[in-house]
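The structure appears below as structure tokens.
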2 protein chains.
Amino acid sequence: MNIGQASDASGVSAKMIRYYEEIGLIRPMGRTGNNYRVYGDEEVHVLRFIKRARSLGFSLEETETLLKLWQDKERTSAAVKEVATSHISDLERRIAEMQGMVKTLKHLAHCCGGDNRPNCPILDDLAGDSSASGKSTKAKHHA
Amino acid sequence: MNIGQASDASGVSAKMIRYYEEIGLIRPMGRTGNNYRVYGDEEVHVLRFIKRARSLGFSLEETETLLKLWQDKERTSAAVKEVATSHISDLERRIAEMQGMVKTLKHLAHCCGGDNRPNCPILDDLAGDSSASGKSTKAKHHA
DNA sequence: GTGGAGCTTCCCATCATGGGAAGGTCAAGG
DNA sequence: CCTTGACCTTCCCATGATGGGAAGCTCCAC
């Protein structure tokens with residue numbers, strides 16, 4: 001199997017397969033006389049493992065750890081779980097961070113007329129104008 | 001004001017201030033005879049604007065758009081709101097993506113003993129082993 | 001005048017991926 | 001046999017936003 005076929009079979013681009021080899025994530029493949037890389041079912045299986053790990057958001061470094069654990073018959077499931085839970089924490093932290101952004105942005109967007117006038121609480125907020133959260137277009141003291 | 005003071009006043013690192021200048025996000029600053037950049041309150045204000053936009057997750061490109069709108073007295077709040085809502089959508093998409101990962105990972109982690117045994121449904125899943133979701137360590141038919 | 005802090009530019013690294021050029025190879029079909 | 005097109009190889013560059021660090025200049029205080 002050439003790299004293109006391995007790519008099709010695994011869903012990993014040929015570019016990435018070469019890259020993974022370069023950084024040592026996968027073993028350098030055997031070559032044919034024409035210097036083409038040769039892949040077998042086992043290699044495709046590894047590539048699919050990597051692809052699945054990546055699709056769950058694991059970094060290549062974490063993926064490498066998981067790959068080694070997978071191939072280590074002496075591993076403990078605790079070691080694997082540790083990698084997973086730590087990744088979950090990281091994802092949750094990032095999710096919370098983005099949710100905070102969304103919350104603020106939605107509030108600002110809600111306060112913004114979205115019309116033809118230039119007055120905009122979103123810009124006021126970005127500009128650090130603390131009087132930005134209330135009514136913005138006019139009527140600072142409507143009473 | 002030198003770059004270090006502008007950095008302290010704005011919370012943007014000197015490194016980044018130079019970078020923003022290089023990419024045209026901010027105007028090239030005037031220099032003193034010794035070739036030091038000189039900043040005034042207005043520049044610090046711009047830097048703070050950028051920092052705030054970044055903290056809300058806007059890319060530098062979006063930040064540039066917002067900055068131009070801020071400085072354009074003819075802007076419409078609709079234009080600003082458009083940038084914001086589009087960014088909100090992007091954030092929500094990414095949040096949903098990560099939440100999907102978390103959901104899968106939590107399920108797998110829940111199914112994983114996290115003990116001294118090698119058997120691990122997390123690895124089974126990554127390996128594409130479809131029989132991974134059930135009980136894993138033993139007792140496939142405990143009855 | 002000396003030391004240290006601060007400024008300048010320039011290059012490199014991150015992380016994962018893609019784009020593209022230049023050149024070798026192979027298979028099919030004229 | 002030769003061409004054509006698809007495929008492979010390596011090499012370099014780009015992304016986005018940031019930090020690190022080196023080499024060299026300046027400025028201020030002592």
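Lettering and numbering for the structure tokens are positional, with chains as A, B, ... in the shown order, residues counted from 1 in each chain, and ligands counted from 1 in the shown order.
Overlaying chain A onto chain B with least squares across the full set of in-order Cα pairs produces an RMSD of 0.5 Å.
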**Report entry** Surrounding residues of region 32-44 of chain A excluding itself and chain neighbours under 2 positions, 10 Å, only C-alpha atoms (C1' of nucleotides), as number ranges by chain
**Finding:** A: 1-12, 18, 26-30, 46-50; C: 24-26; D: 7-9
Query raised in the report: Using only C-alpha atoms, which of B:Gly57, B:Lys81, B:Gly24, B:Gly113 sits nearest Glu97 (chain A)?
Result: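 Answer, going by the shortest atom-to-atom distance: B:Gly57.
Distances from A:His45, A:Arg54, A:His110, A:Arg31 to chain C were compared using only C-alpha atoms (C1' of nucleotides), and the smallest one belongs to A:Arg54.
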Requested in this report: One decimal, Å: what's the distance from C1' of DG4 (chain C) over to C1' of DC30 (chain D), could you say?
Outcome: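 Separating C1' of DG4 (chain C) from C1' of DC30 (chain D) is a distance of 11.3 Å.
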DA23 (chain D) surroundings by only C-alpha atoms (C1' of nucleotides), 12 Å radius, close-in-sequence under 6 positions cut, as a short mmCIF file (atom, residue, chain, number, x, y, z; two decimals) with N, CA, C and O atoms (P, O5', C5', C4', C3', O3' and C1' of nucleotides), in the first residue's frame:
data_model
loop_
_atom_site.label_atom_id
_atom_site.label_comp_id
_atom_site.auth_asym_id
_atom_site.auth_seq_id
_atom_site.Cartn_x
_atom_site.Cartn_y
_atom_site.Cartn_z
P DT C 8 11.61 50.51 21.19
"O5'" DT C 8 12.87 50.02 20.36
"C5'" DT C 8 13.61 50.96 19.59
"C4'" DT C 8 14.70 50.26 18.80
"C3'" DT C 8 14.21 49.12 17.93
"O3'" DT C 8 13.76 49.59 16.69
"C1'" DT C 8 16.21 48.50 19.08
P DT C 9 12.85 48.67 15.79
"O5'" DT C 9 13.85 47.57 15.20
"C5'" DT C 9 15.01 47.96 14.48
"C4'" DT C 9 15.92 46.76 14.25
"C3'" DT C 9 15.27 45.65 13.42
"O3'" DT C 9 16.11 45.33 12.32
"C1'" DT C 9 16.17 44.75 15.43
P DC C 10 15.54 44.41 11.17
"O5'" DC C 10 16.01 42.94 11.60
"C5'" DC C 10 17.37 42.75 12.01
"C4'" DC C 10 17.56 41.31 12.46
"C3'" DC C 10 16.67 40.31 11.70
"O3'" DC C 10 17.46 39.26 11.15
"C1'" DC C 10 16.47 40.03 14.06
P DC C 11 16.78 38.22 10.15
"O5'" DC C 11 16.74 36.90 11.05
"C5'" DC C 11 17.90 36.55 11.82
"C4'" DC C 11 17.55 35.47 12.81
"C3'" DC C 11 16.64 34.37 12.23
"O3'" DC C 11 17.24 33.12 12.46
"C1'" DC C 11 15.81 35.16 14.30
#
Report task. Give the residues of chain A that lie within 9 Å of chain C; count only C-alpha atoms (C1' of nucleotides), and format the answer as a list in words. Result -> Lys15, Met16, Asn34, Ser59 and Leu60 of chain A
Put those residues in a file: N, CA, C and O atoms, as a JSON list (two decimals), in the first residue's frame.
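The file below, again.json, is the result:
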[["chain", "number", "residue", "atom", "x", "y", "z"],
["A", 15, "LYS", "N", 0.21, 14.26, 3.60],
["A", 15, "LYS", "CA", 1.06, 15.28, 4.21],
["A", 15, "LYS", "C", 1.26, 15.02, 5.71],
["A", 15, "LYS", "O", 2.36, 15.09, 6.25],
["A", 16, "MET", "N", 0.18, 14.75, 6.36],
["A", 16, "MET", "CA", 0.22, 14.52, 7.80],
["A", 16, "MET", "C", 0.89, 13.19, 8.13],
["A", 16, "MET", "O", 1.63, 13.11, 9.11],
["A", 34, "ASN", "N", 11.70, 2.14, -5.35],
["A", 34, "ASN", "CA", 11.50, 3.48, -5.91],
["A", 34, "ASN", "C", 11.41, 4.55, -4.83],
["A", 34, "ASN", "O", 11.02, 5.67, -5.10],
["A", 59, "SER", "N", -4.01, 16.49, 21.91],
["A", 59, "SER", "CA", -2.87, 17.02, 21.17],
["A", 59, "SER", "C", -2.05, 15.86, 20.62],
["A", 59, "SER", "O", -2.24, 14.71, 21.03],
["A", 60, "LEU", "N", -1.13, 16.18, 19.73],
["A", 60, "LEU", "CA", -0.29, 15.11, 19.20],
["A", 60, "LEU", "C", 0.55, 14.50, 20.32],
["A", 60, "LEU", "O", 0.84, 13.31, 20.32]]
Query raised in the report: Could you pull out all residues of chain B with a DSSP call of alpha helix (DSSP H) and give them as a PyMOL selection string?
Result: chain B and resi 3-10+14-22+41-55+60-71+77-111+121-126
Report task. Tell me which protein, DNA and RNA residues are within 8 Å of Asn116 (chain A), counting only C-alpha atoms (C1' of nucleotides), leaving out same-chain ones fewer than 6 positions away, and put them as a PyMOL selection string. Result -> chain B and resi 75-78
Query - Interface residues on chain D facing chain B, 10 Å, only C-alpha atoms (C1' of nucleotides), written as an NGL selection string - result: :D and (16-19 or 25-27)
Could you take the residues named above and write them with C-alpha atoms (C1' of nucleotides), as a PDB file, in the first residue's frame?
ATOM      1  C1'  DG D  16      -2.210  33.023  14.298  1.00  0.00           C
ATOM      2  C1'  DA D  17      -0.682  35.116  18.276  1.00  0.00           C
ATOM      3  C1'  DT D  18       2.624  34.964  21.324  1.00  0.00           C
ATOM      4  C1'  DG D  19       7.057  34.356  23.780  1.00  0.00           C
ATOM      5  C1'  DC D  25      22.638  50.876  21.430  1.00  0.00           C
ATOM      6  C1'  DT D  26      20.986  54.443  24.962  1.00  0.00           C
ATOM      7  C1'  DC D  27      20.016  56.497  29.120  1.00  0.00           C
TER       8       DC D  27
END
